[in-house]
>>> print(open('work00.txt').read())   # compact mmCIF, C-alpha atoms
# COMPACT_ATOMS: atom_id res chain seq x y z
CA MET A 266 -36.22 33.32 52.69
CA ALA A 267 -34.14 34.07 55.74
CA VAL A 268 -30.64 35.45 55.25
CA MET A 269 -27.95 33.01 56.37
CA THR A 270 -25.23 34.30 58.67
CA THR A 271 -21.86 32.60 59.00
CA CYS A 272 -20.87 32.12 62.65
CA LEU A 273 -17.15 31.93 63.39
CA TRP A 274 -16.12 30.46 66.77
CA PHE A 275 -13.05 32.12 68.28
CA ASP A 276 -11.39 31.48 71.63
CA ASP A 277 -11.52 35.15 72.64
CA GLN A 278 -10.58 37.15 69.53
CA ALA A 279 -13.91 37.74 67.78
CA GLU A 280 -13.78 41.53 68.01
CA GLN A 281 -10.13 41.68 66.88
CA ALA A 282 -10.91 39.33 63.99
CA ALA A 283 -13.90 41.43 62.90
CA GLU A 284 -11.80 44.60 62.97
CA PHE A 285 -9.10 42.85 60.93
CA TYR A 286 -11.61 41.63 58.32
CA LEU A 287 -13.09 45.13 58.06
CA SER A 288 -9.60 46.39 57.15
CA VAL A 289 -9.36 43.78 54.37
CA PHE A 290 -12.81 43.89 52.74
CA PRO A 291 -14.41 47.05 51.32
CA ASN A 292 -17.94 48.10 52.22
CA SER A 293 -17.78 46.37 55.59
CA ALA A 294 -18.94 47.31 59.08
CA ILE A 295 -19.48 46.03 62.60
CA THR A 296 -23.25 45.92 63.11
CA GLY A 297 -23.49 44.85 66.75
CA LEU A 298 -21.74 43.69 69.92
CA THR A 299 -23.02 41.73 72.88
CA ARG A 300 -21.11 41.84 76.15
CA GLN A 301 -21.00 39.54 79.13
CA GLY A 302 -23.31 40.61 81.92
CA PRO A 303 -22.87 39.95 85.63
CA GLY A 304 -23.17 36.32 86.66
CA GLY A 305 -22.12 34.94 83.28
CA HIS A 306 -19.23 32.70 82.33
CA GLY A 307 -16.74 35.52 81.77
CA GLU A 308 -15.78 38.92 83.02
CA PRO A 309 -18.62 41.48 82.94
CA GLY A 310 -18.24 43.69 79.86
CA GLN A 311 -16.22 41.11 77.91
CA VAL A 312 -17.33 40.74 74.27
CA VAL A 313 -19.38 37.58 73.70
CA THR A 314 -20.45 38.15 70.08
CA VAL A 315 -19.72 40.65 67.37
CA THR A 316 -21.87 40.86 64.25
CA PHE A 317 -20.40 42.31 61.10
CA ASP A 318 -20.92 42.52 57.36
CA LEU A 319 -18.09 41.89 54.91
CA ASP A 320 -19.01 43.49 51.60
CA GLY A 321 -22.68 42.56 52.07
CA HIS A 322 -22.17 39.12 53.66
CA PRO A 323 -23.32 38.80 57.31
CA PHE A 324 -21.07 37.17 59.91
CA MET A 325 -21.10 36.68 63.65
CA GLY A 326 -17.94 36.14 65.66
CA LEU A 327 -18.44 34.22 68.90
CA ASN A 328 -15.95 34.17 71.75
CA GLY A 329 -16.71 30.59 72.73
CA GLY A 330 -13.43 29.40 74.22
CA PRO A 331 -10.92 26.79 73.08
CA MET A 332 -13.28 23.84 72.52
CA PHE A 333 -13.30 24.16 68.71
CA SER A 334 -10.84 25.32 66.09
CA PHE A 335 -10.97 26.18 62.40
CA SER A 336 -9.94 23.72 59.68
CA GLU A 337 -9.53 23.71 55.92
CA ALA A 338 -12.78 21.73 55.68
CA ILE A 339 -14.52 25.12 55.58
CA SER A 340 -13.10 28.02 53.58
CA PHE A 341 -14.26 31.27 52.05
CA GLN A 342 -13.66 31.89 48.34
CA ILE A 343 -12.73 35.37 47.18
CA PRO A 344 -13.19 35.57 43.39
CA CYS A 345 -10.83 38.33 42.22
CA ALA A 346 -11.17 40.41 39.05
CA ASP A 347 -7.44 40.57 38.31
CA GLN A 348 -3.93 39.84 39.56
CA ALA A 349 -3.75 43.11 41.50
CA GLU A 350 -6.82 42.12 43.50
CA ILE A 351 -5.41 38.63 44.13
CA ASP A 352 -2.14 40.20 45.31
CA ARG A 353 -3.94 42.64 47.63
CA PHE A 354 -6.15 40.03 49.32
CA TRP A 355 -3.27 37.54 49.56
CA ALA A 356 -0.94 40.06 51.21
CA ALA A 357 -3.61 41.32 53.61
CA LEU A 358 -4.85 37.90 54.72
CA THR A 359 -1.39 36.34 55.16
CA ALA A 360 0.01 39.36 57.05
CA ASP A 361 1.02 39.12 60.70
CA GLY A 362 1.03 35.36 61.09
CA GLY A 363 -1.15 34.12 58.25
CA GLN A 364 0.00 30.99 56.41
CA GLU A 365 0.31 30.57 52.67
CA GLY A 366 -1.07 27.35 51.26
CA ARG A 367 -1.24 25.70 47.84
CA CYS A 368 -3.50 26.41 44.88
CA GLY A 369 -4.78 29.75 46.16
CA TRP A 370 -5.51 28.60 49.73
CA LEU A 371 -4.30 30.38 52.84
CA LYS A 372 -5.04 30.68 56.54
CA ASP A 373 -5.27 34.10 58.12
CA ARG A 374 -3.74 34.93 61.51
CA PHE A 375 -6.88 33.65 63.25
CA GLY A 376 -6.76 30.26 61.50
CA VAL A 377 -9.67 30.91 59.10
CA SER A 378 -9.13 29.39 55.63
CA TRP A 379 -9.59 31.43 52.46
CA GLN A 380 -9.32 30.70 48.75
CA VAL A 381 -8.08 33.74 46.83
CA ILE A 382 -8.94 32.79 43.26
CA PRO A 383 -9.36 34.36 39.82
CA ALA A 384 -13.03 35.12 39.16
CA ASP A 385 -12.76 33.15 35.90
CA ILE A 386 -11.17 30.06 37.50
CA GLY A 387 -13.81 27.80 35.90
CA GLU A 388 -12.86 29.00 32.43
CA LEU A 389 -9.12 28.80 33.16
CA LEU A 390 -9.31 25.20 34.40
CA GLY A 391 -12.16 23.98 32.19
CA GLY A 392 -12.95 23.56 28.53
CA GLU A 393 -10.70 21.76 26.09
CA PRO A 394 -9.12 18.87 28.02
CA ALA A 395 -5.47 19.38 26.99
CA ALA A 396 -5.58 23.12 27.76
CA ALA A 397 -7.41 22.49 31.04
CA GLY A 398 -4.82 19.87 31.98
CA ARG A 399 -1.92 22.25 31.33
CA ALA A 400 -3.58 25.00 33.37
CA THR A 401 -4.36 22.58 36.20
CA ALA A 402 -0.76 21.30 36.21
CA ALA A 403 0.48 24.91 36.43
CA MET A 404 -1.97 25.65 39.26
CA MET A 405 -0.67 22.67 41.25
CA THR A 406 2.77 24.35 41.44
CA MET A 407 1.38 27.62 42.81
CA GLY A 408 0.69 29.03 46.24
CA LYS A 409 -0.81 32.39 45.32
CA PHE A 410 -2.39 32.29 41.87
CA ASP A 411 -0.40 33.77 38.99
CA VAL A 412 -3.10 34.48 36.42
CA ALA A 413 -0.65 35.23 33.58
CA ALA A 414 1.11 31.89 34.17
CA LEU A 415 -2.22 30.04 34.18
CA ARG A 416 -3.24 31.69 30.90
CA ALA A 417 0.17 30.97 29.36
CA ALA A 418 -0.03 27.30 30.37
CA ARG A 419 -3.53 27.08 28.93
CA GLU A 420 -2.50 28.60 25.61
CA GLU A 421 0.78 26.67 25.32
CA PRO A 422 0.92 24.99 21.91
CA ALA A 423 0.85 21.22 21.87
CA VAL A 424 4.22 19.53 21.46
CA VAL A 425 4.29 17.13 18.48
>>> encode(input="work00.txt", output="structure tokens")
Amino acid sequence: MAVMTTCLWFDDQAEQAAEFYLSVFPNSAITGLTRQGPGGHGEPGQVVTVTFDLDGHPFMGLNGGPMFSFSEAISFQIPCADQAEIDRFWAALTADGGQEGRCGWLKDRFGVSWQVIPADIGELLGGEPAAAGRATAAMMTMGKFDVAALRAAREEPAVV
């Protein structure tokens, strides 16, 4: 089966975005650049596409102009092993103009949406209905996930 590559359409910041993402995700690298040749739609030498891998996932950034923009309808989930990892990704992706959202969602400085979530989110929000409901109610009050608070809400004894 062919490997799928995610293509991200930027106005003119594809290379800067790729370099930013490489600083956030381990085991990442730029794997290729294409530049505008003479007679094209932009200045000769200007970056048209940049291909890069983020921790084993292939991406292509395209400098396509202002016709399209990112929305929350598409987001990338980052399942984190612990609170320290959540904190690190959250801080890095919201830095320099990123926007914090609700329930683990954020937009980075380029407008790309991310979900920084606990790796065991299904267990935290699932299972026994009363415990799941308490954890879900706690989650609805959060921007960045607080794993200890989710666990505490889940384990809260029932009031009689």
>>> closest_residue(input="work00.txt", among="A:Ala397, A:Val312, A:Leu319, A:Leu273", to="Ser334 in chain A", atoms="all atoms listed in the file")
A:Leu273
>>> residues_around(input="work00.txt", residues="Thr296 in chain A", least_positions_apart="2", cutoff="10 Å", atoms="only C-alpha atoms", output="PDB file with C-alpha atoms, in the frame of the given file")
ATOM      1  CA  SER A 293     -17.780  46.370  55.590  1.00  0.00           C
ATOM      2  CA  ALA A 294     -18.940  47.310  59.080  1.00  0.00           C
ATOM      3  CA  LEU A 298     -21.740  43.690  69.920  1.00  0.00           C
ATOM      4  CA  VAL A 315     -19.720  40.650  67.370  1.00  0.00           C
ATOM      5  CA  THR A 316     -21.870  40.860  64.250  1.00  0.00           C
ATOM      6  CA  PHE A 317     -20.400  42.310  61.100  1.00  0.00           C
ATOM      7  CA  ASP A 318     -20.920  42.520  57.360  1.00  0.00           C
ATOM      8  CA  PRO A 323     -23.320  38.800  57.310  1.00  0.00           C
ATOM      9  CA  PHE A 324     -21.070  37.170  59.910  1.00  0.00           C
ATOM     10  CA  MET A 325     -21.100  36.680  63.650  1.00  0.00           C
TER      11      MET A 325
END
>>> residues_around(input="work00.txt", residues="Ser378 in chain A", least_positions_apart="3", cutoff="6 Å", atoms="all atoms listed in the file", output="PyMOL selection string")
chain A and resi 337+340+371-372
>>> closest_residue(input="work00.txt", among="A:Ala279, A:Val412, A:Val289, A:Leu327", to="Phe354 in chain A", atoms="all atoms listed in the file")
A:Val289
>>> closest_residue(input="work00.txt", among="A:Pro383, A:Gly376, A:Gly398, A:Gly366", to="Cys345 in chain A", atoms="only C-alpha atoms")
A:Pro383
>>> residues_near_point(input="work00.txt", point="(-9.8, 25.6, 72.4)", cutoff="12 Å", atoms="all atoms listed in the file", output="PyMOL selection string")
chain A and resi 274-278+328-335
>>> write_last_selection(input="work00.txt", atoms="C-alpha atoms", output="compact mmCIF listing (two decimals), in the frame of the given file")
# COMPACT_ATOMS: atom_id res chain seq x y z
CA TRP A 274 -16.12 30.46 66.77
CA PHE A 275 -13.05 32.12 68.28
CA ASP A 276 -11.39 31.48 71.63
CA ASP A 277 -11.52 35.15 72.64
CA GLN A 278 -10.58 37.15 69.53
CA ASN A 328 -15.95 34.17 71.75
CA GLY A 329 -16.71 30.59 72.73
CA GLY A 330 -13.43 29.40 74.22
CA PRO A 331 -10.92 26.79 73.08
CA MET A 332 -13.28 23.84 72.52
CA PHE A 333 -13.30 24.16 68.71
CA SER A 334 -10.84 25.32 66.09
CA PHE A 335 -10.97 26.18 62.40
>>> atom_distance(input="work00.txt", atom1="CA of Pro422 in chain A", atom2="CA of Ala400 in chain A")
12.3 Å
>>> closest_residue(input="work00.txt", among="A:Leu389, A:Ile343, A:Ala282, A:Ala395", to="Ala414 in chain A", atoms="all atoms listed in the file")
A:Leu389
>>> atom_distance(input="work00.txt", atom1="CA of Thr314 in chain A", atom2="CA of Gly326 in chain A")
5.5 Å
